[in-house]
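Dropping start.txt in here (compact mmCIF, N, CA, C and O atoms):
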```txt
# COMPACT_ATOMS: atom_id res chain seq x y z
N MET K 28 -25.45 6.48 16.32
CA MET K 28 -24.72 5.46 15.59
C MET K 28 -23.38 6.04 15.13
O MET K 28 -23.34 7.13 14.55
N LYS K 29 -22.31 5.29 15.32
CA LYS K 29 -20.99 5.72 14.93
C LYS K 29 -20.76 5.46 13.44
O LYS K 29 -21.11 4.39 12.94
N PRO K 30 -20.17 6.40 12.72
CA PRO K 30 -19.86 6.13 11.31
C PRO K 30 -18.76 5.08 11.20
O PRO K 30 -17.87 5.01 12.04
N THR K 31 -18.87 4.25 10.16
CA THR K 31 -17.84 3.24 9.95
C THR K 31 -16.62 3.87 9.31
O THR K 31 -16.70 4.90 8.64
N PHE K 32 -15.50 3.25 9.49
CA PHE K 32 -14.23 3.80 9.05
C PHE K 32 -13.41 2.69 8.43
O PHE K 32 -13.18 1.66 9.05
N ASN K 33 -12.99 2.85 7.21
CA ASN K 33 -12.17 1.85 6.54
C ASN K 33 -10.75 2.39 6.42
O ASN K 33 -10.48 3.29 5.62
N VAL K 34 -9.85 1.83 7.20
CA VAL K 34 -8.48 2.33 7.25
C VAL K 34 -7.75 2.10 5.91
O VAL K 34 -6.90 2.90 5.53
N GLU K 35 -8.09 1.04 5.20
CA GLU K 35 -7.44 0.78 3.91
C GLU K 35 -7.83 1.83 2.87
O GLU K 35 -7.00 2.26 2.08
N GLU K 36 -9.09 2.22 2.87
CA GLU K 36 -9.52 3.28 1.95
C GLU K 36 -8.83 4.60 2.29
O GLU K 36 -8.41 5.33 1.39
N LEU K 37 -8.71 4.88 3.57
CA LEU K 37 -8.00 6.09 4.00
C LEU K 37 -6.54 6.02 3.56
O LEU K 37 -5.98 7.01 3.05
N ALA K 38 -5.91 4.87 3.73
CA ALA K 38 -4.51 4.70 3.34
C ALA K 38 -4.34 4.90 1.83
O ALA K 38 -3.38 5.54 1.38
N GLN K 39 -5.26 4.39 1.04
CA GLN K 39 -5.19 4.58 -0.42
C GLN K 39 -5.37 6.04 -0.78
O GLN K 39 -4.72 6.55 -1.70
N LYS K 40 -6.23 6.74 -0.05
CA LYS K 40 -6.41 8.18 -0.29
C LYS K 40 -5.14 8.94 0.07
O LYS K 40 -4.72 9.84 -0.66
N VAL K 41 -4.50 8.58 1.18
CA VAL K 41 -3.25 9.21 1.58
C VAL K 41 -2.20 8.99 0.50
O VAL K 41 -1.48 9.91 0.12
N PHE K 42 -2.13 7.77 -0.02
CA PHE K 42 -1.18 7.49 -1.10
C PHE K 42 -1.49 8.35 -2.31
O PHE K 42 -0.61 9.00 -2.87
N SER K 43 -2.74 8.35 -2.73
CA SER K 43 -3.15 9.10 -3.91
C SER K 43 -2.87 10.60 -3.76
O SER K 43 -2.40 11.25 -4.70
N ASP K 44 -3.13 11.14 -2.57
CA ASP K 44 -2.94 12.57 -2.34
C ASP K 44 -1.47 12.96 -2.22
O ASP K 44 -1.09 14.07 -2.59
N ASN K 45 -0.64 12.07 -1.69
CA ASN K 45 0.74 12.43 -1.38
C ASN K 45 1.80 11.78 -2.25
O ASN K 45 2.92 12.28 -2.33
N PHE K 46 1.47 10.66 -2.86
CA PHE K 46 2.46 9.94 -3.65
C PHE K 46 1.91 9.62 -5.04
O PHE K 46 2.31 8.64 -5.65
N GLY K 47 1.00 10.44 -5.53
CA GLY K 47 0.32 10.18 -6.78
C GLY K 47 1.17 10.38 -8.02
O GLY K 47 0.70 10.94 -9.00
N ILE K 48 2.40 9.92 -7.98
CA ILE K 48 3.33 10.11 -9.10
C ILE K 48 2.96 9.25 -10.30
O ILE K 48 3.46 9.48 -11.39
N LEU K 49 2.09 8.27 -10.09
CA LEU K 49 1.71 7.40 -11.19
C LEU K 49 0.50 7.92 -11.94
O LEU K 49 0.02 7.28 -12.87
N GLY K 50 0.00 9.06 -11.55
CA GLY K 50 -1.12 9.68 -12.25
C GLY K 50 -2.44 9.01 -11.95
O GLY K 50 -2.63 8.39 -10.92
N ASP K 51 -3.37 9.11 -12.89
CA ASP K 51 -4.71 8.59 -12.69
C ASP K 51 -4.78 7.07 -12.72
O ASP K 51 -5.81 6.49 -12.37
N GLY K 52 -3.71 6.41 -13.14
CA GLY K 52 -3.68 4.95 -13.13
C GLY K 52 -3.89 4.38 -11.75
O GLY K 52 -4.46 3.31 -11.58
N CYS K 53 -3.44 5.10 -10.74
CA CYS K 53 -3.60 4.67 -9.36
C CYS K 53 -5.07 4.51 -9.01
O CYS K 53 -5.47 3.54 -8.41
N LYS K 54 -5.86 5.49 -9.40
CA LYS K 54 -7.28 5.46 -9.06
C LYS K 54 -7.97 4.28 -9.74
O LYS K 54 -8.83 3.65 -9.14
N HIS K 55 -7.57 3.98 -10.94
CA HIS K 55 -8.17 2.84 -11.65
C HIS K 55 -7.89 1.54 -10.88
O HIS K 55 -8.77 0.71 -10.72
N TRP K 56 -6.66 1.37 -10.40
CA TRP K 56 -6.31 0.15 -9.68
C TRP K 56 -7.05 0.07 -8.36
O TRP K 56 -7.41 -1.00 -7.91
N MET K 57 -7.29 1.20 -7.71
CA MET K 57 -7.99 1.20 -6.43
C MET K 57 -9.47 0.87 -6.61
O MET K 57 -10.08 0.26 -5.75
N GLU K 58 -10.05 1.26 -7.74
CA GLU K 58 -11.49 1.07 -7.95
C GLU K 58 -11.83 -0.28 -8.53
O GLU K 58 -12.96 -0.72 -8.44
N SER K 59 -10.87 -0.97 -9.13
CA SER K 59 -11.16 -2.26 -9.74
C SER K 59 -10.50 -3.38 -8.97
O SER K 59 -9.46 -3.21 -8.36
N GLY K 60 -11.12 -4.53 -9.01
CA GLY K 60 -10.52 -5.72 -8.43
C GLY K 60 -10.50 -5.77 -6.92
O GLY K 60 -9.54 -6.26 -6.33
N ALA K 61 -11.55 -5.29 -6.27
CA ALA K 61 -11.57 -5.29 -4.82
C ALA K 61 -11.54 -6.71 -4.25
O ALA K 61 -11.00 -6.93 -3.19
N GLU K 62 -12.10 -7.66 -4.98
CA GLU K 62 -12.11 -9.05 -4.51
C GLU K 62 -10.71 -9.66 -4.59
O GLU K 62 -10.29 -10.40 -3.71
N HIS K 63 -9.98 -9.37 -5.66
CA HIS K 63 -8.63 -9.88 -5.86
C HIS K 63 -7.73 -8.71 -6.25
O HIS K 63 -7.39 -8.53 -7.41
N PRO K 64 -7.33 -7.91 -5.26
CA PRO K 64 -6.55 -6.71 -5.57
C PRO K 64 -5.17 -7.06 -6.14
O PRO K 64 -4.60 -8.10 -5.83
N SER K 65 -4.67 -6.19 -6.97
CA SER K 65 -3.36 -6.38 -7.58
C SER K 65 -2.27 -6.01 -6.59
O SER K 65 -2.51 -5.39 -5.55
N SER K 66 -1.04 -6.37 -6.94
CA SER K 66 0.09 -5.98 -6.10
C SER K 66 0.20 -4.46 -6.02
O SER K 66 0.61 -3.91 -5.00
N ALA K 67 -0.20 -3.76 -7.09
CA ALA K 67 -0.15 -2.29 -7.09
C ALA K 67 -1.10 -1.73 -6.04
O ALA K 67 -0.74 -0.84 -5.27
N THR K 68 -2.31 -2.26 -5.98
CA THR K 68 -3.30 -1.77 -5.02
C THR K 68 -2.86 -2.05 -3.59
O THR K 68 -2.93 -1.17 -2.72
N ILE K 69 -2.39 -3.25 -3.34
CA ILE K 69 -1.94 -3.62 -1.99
C ILE K 69 -0.71 -2.80 -1.62
O ILE K 69 -0.58 -2.36 -0.47
N SER K 70 0.16 -2.55 -2.58
CA SER K 70 1.35 -1.74 -2.33
C SER K 70 0.97 -0.31 -1.97
O SER K 70 1.56 0.29 -1.06
N MET K 71 0.01 0.25 -2.69
CA MET K 71 -0.46 1.61 -2.39
C MET K 71 -1.01 1.67 -0.97
O MET K 71 -0.75 2.64 -0.23
N THR K 72 -1.74 0.65 -0.58
CA THR K 72 -2.30 0.61 0.77
C THR K 72 -1.19 0.56 1.80
O THR K 72 -1.23 1.28 2.81
N SER K 73 -0.16 -0.25 1.56
CA SER K 73 0.94 -0.37 2.53
C SER K 73 1.69 0.95 2.67
O SER K 73 2.05 1.35 3.78
N VAL K 74 1.90 1.65 1.58
CA VAL K 74 2.59 2.95 1.64
C VAL K 74 1.73 3.98 2.37
O VAL K 74 2.22 4.74 3.20
N GLY K 75 0.45 4.01 2.08
CA GLY K 75 -0.45 4.93 2.76
C GLY K 75 -0.49 4.67 4.26
O GLY K 75 -0.46 5.60 5.07
N LEU K 76 -0.54 3.39 4.64
CA LEU K 76 -0.53 3.04 6.06
C LEU K 76 0.78 3.45 6.72
O LEU K 76 0.79 3.97 7.84
N ALA K 77 1.90 3.23 6.02
CA ALA K 77 3.20 3.62 6.58
C ALA K 77 3.28 5.13 6.76
O ALA K 77 3.79 5.62 7.78
N ALA K 78 2.76 5.87 5.79
CA ALA K 78 2.77 7.34 5.89
C ALA K 78 1.93 7.80 7.08
O ALA K 78 2.35 8.67 7.85
N LEU K 79 0.77 7.19 7.25
CA LEU K 79 -0.07 7.54 8.40
C LEU K 79 0.64 7.20 9.71
O LEU K 79 0.58 7.96 10.68
N ALA K 80 1.31 6.05 9.75
CA ALA K 80 2.02 5.63 10.97
C ALA K 80 3.14 6.60 11.31
O ALA K 80 3.33 6.94 12.48
N VAL K 81 3.86 7.06 10.30
CA VAL K 81 4.96 8.00 10.54
C VAL K 81 4.42 9.34 11.05
O VAL K 81 4.92 9.88 12.04
N VAL K 82 3.40 9.85 10.40
CA VAL K 82 2.83 11.14 10.78
C VAL K 82 2.27 11.10 12.20
O VAL K 82 2.47 12.03 12.98
N HIS K 83 1.59 10.00 12.53
CA HIS K 83 0.94 9.91 13.84
C HIS K 83 1.80 9.19 14.88
O HIS K 83 1.35 9.01 16.02
N LYS K 84 3.02 8.78 14.46
CA LYS K 84 3.92 8.05 15.37
C LYS K 84 3.19 6.88 16.04
O LYS K 84 3.23 6.71 17.26
N ASP K 85 2.55 6.09 15.19
CA ASP K 85 1.70 5.00 15.67
C ASP K 85 2.33 3.64 15.33
O ASP K 85 2.29 3.20 14.18
N PRO K 86 2.92 2.96 16.32
CA PRO K 86 3.56 1.67 16.05
C PRO K 86 2.57 0.58 15.62
O PRO K 86 2.93 -0.31 14.86
N ASN K 87 1.33 0.66 16.08
CA ASN K 87 0.33 -0.33 15.65
C ASN K 87 -0.01 -0.16 14.18
O ASN K 87 -0.19 -1.14 13.46
N MET K 88 -0.11 1.09 13.74
CA MET K 88 -0.37 1.35 12.33
C MET K 88 0.82 0.88 11.48
O MET K 88 0.63 0.33 10.40
N MET K 89 2.05 1.09 11.97
CA MET K 89 3.23 0.63 11.24
C MET K 89 3.25 -0.89 11.15
O MET K 89 3.63 -1.45 10.13
N ASP K 90 2.82 -1.55 12.21
CA ASP K 90 2.74 -3.01 12.17
C ASP K 90 1.76 -3.46 11.09
O ASP K 90 2.05 -4.39 10.33
N LEU K 91 0.62 -2.80 11.01
CA LEU K 91 -0.36 -3.11 9.96
C LEU K 91 0.24 -2.83 8.58
O LEU K 91 0.06 -3.62 7.65
N ALA K 92 0.95 -1.71 8.44
CA ALA K 92 1.59 -1.37 7.17
C ALA K 92 2.59 -2.45 6.76
O ALA K 92 2.66 -2.83 5.59
N ARG K 93 3.37 -2.93 7.71
CA ARG K 93 4.37 -3.97 7.41
C ARG K 93 3.71 -5.29 7.02
O ARG K 93 4.20 -5.98 6.13
N ARG K 94 2.60 -5.61 7.68
CA ARG K 94 1.87 -6.83 7.29
C ARG K 94 1.30 -6.70 5.88
O ARG K 94 1.33 -7.64 5.09
N LYS K 95 0.79 -5.51 5.57
CA LYS K 95 0.26 -5.27 4.22
C LYS K 95 1.39 -5.32 3.19
O LYS K 95 1.23 -5.84 2.09
N TYR K 96 2.56 -4.78 3.56
CA TYR K 96 3.75 -4.82 2.69
C TYR K 96 4.14 -6.27 2.41
O TYR K 96 4.41 -6.64 1.25
N THR K 97 4.15 -7.09 3.43
CA THR K 97 4.50 -8.51 3.26
C THR K 97 3.50 -9.20 2.34
O THR K 97 3.88 -10.00 1.47
N PHE K 98 2.22 -8.89 2.51
CA PHE K 98 1.19 -9.45 1.64
C PHE K 98 1.39 -8.99 0.20
O PHE K 98 1.26 -9.78 -0.74
N ALA K 99 1.73 -7.71 0.01
CA ALA K 99 1.97 -7.18 -1.34
C ALA K 99 3.15 -7.90 -1.99
O ALA K 99 3.10 -8.21 -3.19
N LEU K 100 4.20 -8.17 -1.22
CA LEU K 100 5.34 -8.92 -1.76
C LEU K 100 4.92 -10.32 -2.21
O LEU K 100 5.35 -10.80 -3.26
N SER K 101 4.07 -10.95 -1.42
CA SER K 101 3.59 -12.29 -1.76
C SER K 101 2.77 -12.27 -3.05
O SER K 101 2.95 -13.12 -3.93
N VAL K 102 1.86 -11.31 -3.16
CA VAL K 102 1.04 -11.20 -4.37
C VAL K 102 1.91 -10.89 -5.58
O VAL K 102 1.73 -11.47 -6.67
N LEU K 103 2.89 -10.00 -5.41
CA LEU K 103 3.81 -9.66 -6.50
C LEU K 103 4.61 -10.89 -6.92
O LEU K 103 4.76 -11.17 -8.11
N ASN K 104 5.10 -11.64 -5.96
CA ASN K 104 5.86 -12.85 -6.24
C ASN K 104 5.02 -13.85 -7.02
O ASN K 104 5.48 -14.42 -8.02
N ASN K 105 3.77 -14.06 -6.60
CA ASN K 105 2.88 -14.97 -7.31
C ASN K 105 2.59 -14.49 -8.72
O ASN K 105 2.49 -15.30 -9.65
N ALA K 106 2.45 -13.20 -8.89
CA ALA K 106 2.16 -12.64 -10.22
C ALA K 106 3.36 -12.84 -11.15
O ALA K 106 3.19 -13.15 -12.33
N ILE K 107 4.56 -12.68 -10.62
CA ILE K 107 5.76 -12.80 -11.45
C ILE K 107 6.07 -14.26 -11.76
O ILE K 107 6.27 -14.63 -12.92
N ILE K 108 6.07 -15.10 -10.75
CA ILE K 108 6.45 -16.50 -10.93
C ILE K 108 5.35 -17.29 -11.62
O ILE K 108 5.61 -18.06 -12.53
N GLY K 109 4.14 -17.10 -11.17
CA GLY K 109 3.05 -17.91 -11.69
C GLY K 109 2.25 -17.26 -12.79
O GLY K 109 1.29 -17.84 -13.27
N HIS K 110 2.64 -16.06 -13.19
CA HIS K 110 1.89 -15.33 -14.22
C HIS K 110 0.41 -15.25 -13.84
O HIS K 110 -0.47 -15.43 -14.66
N LEU K 111 0.17 -15.03 -12.54
CA LEU K 111 -1.20 -14.98 -12.02
C LEU K 111 -1.61 -13.55 -11.74
O LEU K 111 -0.79 -12.66 -11.59
N GLY K 112 -2.91 -13.37 -11.60
CA GLY K 112 -3.44 -12.09 -11.14
C GLY K 112 -3.27 -10.98 -12.13
O GLY K 112 -3.63 -11.06 -13.29
N SER K 113 -2.66 -9.92 -11.66
CA SER K 113 -2.59 -8.68 -12.43
C SER K 113 -1.59 -8.77 -13.57
O SER K 113 -0.72 -9.63 -13.61
N GLY K 114 -1.70 -7.85 -14.48
CA GLY K 114 -0.81 -7.79 -15.63
C GLY K 114 0.55 -7.24 -15.28
O GLY K 114 0.83 -6.85 -14.14
N ILE K 115 1.42 -7.22 -16.27
CA ILE K 115 2.80 -6.78 -16.07
C ILE K 115 2.86 -5.33 -15.63
O ILE K 115 3.69 -4.96 -14.79
N GLU K 116 1.98 -4.49 -16.15
CA GLU K 116 1.98 -3.07 -15.78
C GLU K 116 1.73 -2.89 -14.28
O GLU K 116 2.42 -2.13 -13.61
N GLN K 117 0.76 -3.63 -13.75
CA GLN K 117 0.46 -3.52 -12.33
C GLN K 117 1.57 -4.13 -11.47
O GLN K 117 1.85 -3.65 -10.38
N SER K 118 2.22 -5.17 -11.97
CA SER K 118 3.33 -5.77 -11.24
C SER K 118 4.52 -4.81 -11.16
O SER K 118 5.15 -4.67 -10.10
N ILE K 119 4.81 -4.15 -12.26
CA ILE K 119 5.90 -3.17 -12.26
C ILE K 119 5.56 -2.01 -11.33
O ILE K 119 6.40 -1.57 -10.54
N ALA K 120 4.33 -1.53 -11.42
CA ALA K 120 3.91 -0.43 -10.54
C ALA K 120 3.97 -0.87 -9.08
O ALA K 120 4.45 -0.12 -8.22
N GLY K 121 3.51 -2.08 -8.79
CA GLY K 121 3.55 -2.58 -7.42
C GLY K 121 4.97 -2.64 -6.88
O GLY K 121 5.24 -2.25 -5.75
N SER K 122 5.89 -3.09 -7.72
CA SER K 122 7.30 -3.16 -7.32
C SER K 122 7.85 -1.77 -7.03
O SER K 122 8.53 -1.54 -6.02
N PHE K 123 7.54 -0.81 -7.89
CA PHE K 123 8.00 0.56 -7.68
C PHE K 123 7.41 1.17 -6.42
O PHE K 123 8.11 1.81 -5.63
N ILE K 124 6.13 0.94 -6.21
CA ILE K 124 5.47 1.50 -5.04
C ILE K 124 6.06 0.91 -3.76
O ILE K 124 6.23 1.62 -2.77
N LEU K 125 6.40 -0.36 -3.78
CA LEU K 125 7.03 -0.98 -2.60
C LEU K 125 8.37 -0.33 -2.28
O LEU K 125 8.78 -0.29 -1.12
N SER K 126 9.06 0.19 -3.31
CA SER K 126 10.31 0.89 -3.03
C SER K 126 10.04 2.18 -2.25
O SER K 126 10.88 2.61 -1.44
N ILE K 127 8.89 2.79 -2.45
CA ILE K 127 8.51 3.98 -1.67
C ILE K 127 8.33 3.58 -0.21
O ILE K 127 8.76 4.29 0.70
N PHE K 128 7.72 2.42 0.02
CA PHE K 128 7.57 1.91 1.38
C PHE K 128 8.95 1.77 2.03
O PHE K 128 9.14 2.17 3.18
N GLU K 129 9.90 1.20 1.31
CA GLU K 129 11.25 1.01 1.85
C GLU K 129 11.88 2.35 2.24
O GLU K 129 12.51 2.46 3.28
N VAL K 130 11.70 3.36 1.42
CA VAL K 130 12.26 4.68 1.72
C VAL K 130 11.58 5.27 2.96
O VAL K 130 12.25 5.82 3.84
N LEU K 131 10.26 5.16 3.03
CA LEU K 131 9.53 5.68 4.18
C LEU K 131 9.98 5.02 5.49
O LEU K 131 10.09 5.69 6.52
N CYS K 132 10.26 3.74 5.42
CA CYS K 132 10.55 2.99 6.64
C CYS K 132 12.05 2.88 6.94
O CYS K 132 12.42 2.43 8.02
N SER K 133 12.89 3.30 6.04
CA SER K 133 14.32 3.13 6.23
C SER K 133 14.87 3.98 7.39
O SER K 133 15.82 3.57 8.04
N ASP K 134 14.26 5.11 7.65
CA ASP K 134 14.73 5.99 8.72
C ASP K 134 13.97 5.82 10.03
O ASP K 134 14.28 6.46 11.02
N ILE K 135 13.00 4.97 10.02
CA ILE K 135 12.09 4.88 11.16
C ILE K 135 12.58 3.80 12.13
O ILE K 135 12.28 2.63 11.98
N TRP K 136 13.32 4.19 13.12
CA TRP K 136 13.74 3.24 14.14
C TRP K 136 12.77 3.26 15.31
O TRP K 136 12.67 2.32 16.05
N LEU K 137 12.03 4.35 15.43
CA LEU K 137 11.09 4.50 16.54
C LEU K 137 9.88 3.59 16.38
O LEU K 137 9.38 3.03 17.34
N LEU K 138 9.40 3.47 15.14
CA LEU K 138 8.20 2.67 14.91
C LEU K 138 8.63 1.29 14.53
O LEU K 138 8.10 0.44 14.14
```
Please lay out the structure from this file as structure tokens.
Amino acid sequence: MKPTFNVEELAQKVFSDNFGILGDGCKHWMESGAEHPSSATISMTSVGLAALAVVHKDPNMMDLARRKYTFALSVLNNAIIGHLGSGIEQSIAGSFILSIFEVLCSDIWLL
């Protein structure tokens, strides 16, 4: 039997290990709200996926990262405009984390 593999969990671990500038707050966001993740959690996943795509030069992984990034923007937009979902702290963190995605992808013309 083949072990199962969750790419989003791996991406969150990559974020936590390499971009853990937000401290232990990141882990709290990853562990809570799996049914309705915050913009911070989705943003962490998109950055982790982008980092994996860059390291492995994987255009399919980058496509997934970009789709996750777009979803994170949507969740962030809904949280800001509609005062829905996560609190202001997670919205601010999500916005900051998305800027990391922009930096990671700004030089990537290959993927």
- Item | Nearest candidate to Leu131 (chain K) (options K:Val81, K:Phe98, K:Ile119, K:Asp90; using only N, CA, C and O atoms) |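 Checking each candidate against Leu131 (chain K), we get K:Val81 as the closest.
Residue nearest Ala92 (chain K), chosen from K:Leu37, K:Met71, K:Leu125, K:Leu76 and counting only C-alpha atoms: K:Leu76.
With only N, CA, C and O atoms as the atoms that count, the minimum distance from Phe128 (chain K) to the choices K:Ser65, K:Ser70, K:Thr97, K:Asn87 is reached by K:Ser70.
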- Task: Could you tell me how far atom N of Gly75 (chain K) lies from atom N of Gln39 (chain K), in Å and to one decimal?
- Result: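 Computing it gives 5.8 Å between the two atoms.
With only N, CA, C and O atoms as the atoms that count, the residue of K:Ala67, K:Phe46, K:Asn104, K:Val82 with the shortest distance to Ala120 (chain K) is K:Ala67.
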Around all listed atoms of region 114-132 of chain K, padded 4 Å per side, what centre and edge lengths does the axis-aligned box have in Å to one decimal, as AutoDock Vina command-line options?
```
--center_x 5.4 --center_y -1.0 --center_z -4.1 --size_x 22.2 --size_y 21.7 --size_z 32.3
```
- Quick one, how far is CA of Ala99 (chain K) from CA of Phe123 (chain K)?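 That distance, rounded to one decimal, is 11.7 Å.
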- K:Met89, K:Val130, K:Ala38, K:Ile115: which is nearest Thr68 (chain K), counting all atoms listed in the file? K:Ala38
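Taking CA of Glu36 (chain K) and CA of Val74 (chain K) as the two end points, the separation is 12.1 Å.
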What would region 66-75 of chain K look like with all heavy atoms restored, written as a PDB file, keeping the file's coordinate frame?
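Wrote it out as part_29.pdb, contents follow:
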```pdb
ATOM      1  N   SER K  66      -1.040  -6.370  -6.940  1.00  0.00           N
ATOM      2  CA  SER K  66       0.090  -5.980  -6.100  1.00  0.00           C
ATOM      3  C   SER K  66       0.200  -4.460  -6.020  1.00  0.00           C
ATOM      4  O   SER K  66       0.610  -3.910  -5.000  1.00  0.00           O
ATOM      5  CB  SER K  66       1.391  -6.596  -6.615  1.00  0.00           C
ATOM      6  OG  SER K  66       1.674  -6.158  -7.918  1.00  0.00           O
ATOM      7  N   ALA K  67      -0.200  -3.760  -7.090  1.00  0.00           N
ATOM      8  CA  ALA K  67      -0.150  -2.290  -7.090  1.00  0.00           C
ATOM      9  C   ALA K  67      -1.100  -1.730  -6.040  1.00  0.00           C
ATOM     10  O   ALA K  67      -0.740  -0.840  -5.270  1.00  0.00           O
ATOM     11  CB  ALA K  67      -0.485  -1.735  -8.469  1.00  0.00           C
ATOM     12  N   THR K  68      -2.310  -2.260  -5.980  1.00  0.00           N
ATOM     13  CA  THR K  68      -3.300  -1.770  -5.020  1.00  0.00           C
ATOM     14  C   THR K  68      -2.860  -2.050  -3.590  1.00  0.00           C
ATOM     15  O   THR K  68      -2.930  -1.170  -2.720  1.00  0.00           O
ATOM     16  CB  THR K  68      -4.672  -2.429  -5.278  1.00  0.00           C
ATOM     17  OG1 THR K  68      -5.069  -2.157  -6.619  1.00  0.00           O
ATOM     18  CG2 THR K  68      -5.727  -1.915  -4.321  1.00  0.00           C
ATOM     19  N   ILE K  69      -2.390  -3.250  -3.340  1.00  0.00           N
ATOM     20  CA  ILE K  69      -1.940  -3.620  -1.990  1.00  0.00           C
ATOM     21  C   ILE K  69      -0.710  -2.800  -1.620  1.00  0.00           C
ATOM     22  O   ILE K  69      -0.580  -2.360  -0.470  1.00  0.00           O
ATOM     23  CB  ILE K  69      -1.662  -5.128  -1.911  1.00  0.00           C
ATOM     24  CG1 ILE K  69      -2.921  -5.915  -2.252  1.00  0.00           C
ATOM     25  CG2 ILE K  69      -1.156  -5.508  -0.514  1.00  0.00           C
ATOM     26  CD1 ILE K  69      -2.683  -7.377  -2.552  1.00  0.00           C
ATOM     27  N   SER K  70       0.160  -2.550  -2.580  1.00  0.00           N
ATOM     28  CA  SER K  70       1.350  -1.740  -2.330  1.00  0.00           C
ATOM     29  C   SER K  70       0.970  -0.310  -1.970  1.00  0.00           C
ATOM     30  O   SER K  70       1.560   0.290  -1.060  1.00  0.00           O
ATOM     31  CB  SER K  70       2.271  -1.744  -3.552  1.00  0.00           C
ATOM     32  OG  SER K  70       2.704  -3.055  -3.836  1.00  0.00           O
ATOM     33  N   MET K  71       0.010   0.250  -2.690  1.00  0.00           N
ATOM     34  CA  MET K  71      -0.460   1.610  -2.390  1.00  0.00           C
ATOM     35  C   MET K  71      -1.010   1.670  -0.970  1.00  0.00           C
ATOM     36  O   MET K  71      -0.750   2.640  -0.230  1.00  0.00           O
ATOM     37  CB  MET K  71      -1.543   2.049  -3.374  1.00  0.00           C
ATOM     38  CG  MET K  71      -1.023   2.389  -4.735  1.00  0.00           C
ATOM     39  SD  MET K  71      -2.316   3.042  -5.809  1.00  0.00           S
ATOM     40  CE  MET K  71      -2.956   1.540  -6.509  1.00  0.00           C
ATOM     41  N   THR K  72      -1.740   0.650  -0.580  1.00  0.00           N
ATOM     42  CA  THR K  72      -2.300   0.610   0.770  1.00  0.00           C
ATOM     43  C   THR K  72      -1.190   0.560   1.800  1.00  0.00           C
ATOM     44  O   THR K  72      -1.230   1.280   2.810  1.00  0.00           O
ATOM     45  CB  THR K  72      -3.240  -0.595   0.928  1.00  0.00           C
ATOM     46  OG1 THR K  72      -4.251  -0.539  -0.084  1.00  0.00           O
ATOM     47  CG2 THR K  72      -3.901  -0.609   2.292  1.00  0.00           C
ATOM     48  N   SER K  73      -0.160  -0.250   1.560  1.00  0.00           N
ATOM     49  CA  SER K  73       0.940  -0.370   2.530  1.00  0.00           C
ATOM     50  C   SER K  73       1.690   0.950   2.670  1.00  0.00           C
ATOM     51  O   SER K  73       2.050   1.350   3.780  1.00  0.00           O
ATOM     52  CB  SER K  73       1.894  -1.505   2.168  1.00  0.00           C
ATOM     53  OG  SER K  73       2.644  -1.220   1.022  1.00  0.00           O
ATOM     54  N   VAL K  74       1.900   1.650   1.580  1.00  0.00           N
ATOM     55  CA  VAL K  74       2.590   2.950   1.640  1.00  0.00           C
ATOM     56  C   VAL K  74       1.730   3.980   2.370  1.00  0.00           C
ATOM     57  O   VAL K  74       2.220   4.740   3.200  1.00  0.00           O
ATOM     58  CB  VAL K  74       2.973   3.452   0.227  1.00  0.00           C
ATOM     59  CG1 VAL K  74       3.446   4.902   0.256  1.00  0.00           C
ATOM     60  CG2 VAL K  74       4.043   2.554  -0.378  1.00  0.00           C
ATOM     61  N   GLY K  75       0.450   4.010   2.080  1.00  0.00           N
ATOM     62  CA  GLY K  75      -0.450   4.930   2.760  1.00  0.00           C
ATOM     63  C   GLY K  75      -0.490   4.670   4.260  1.00  0.00           C
ATOM     64  O   GLY K  75      -0.460   5.600   5.070  1.00  0.00           O
TER      65      GLY K  75
END
```
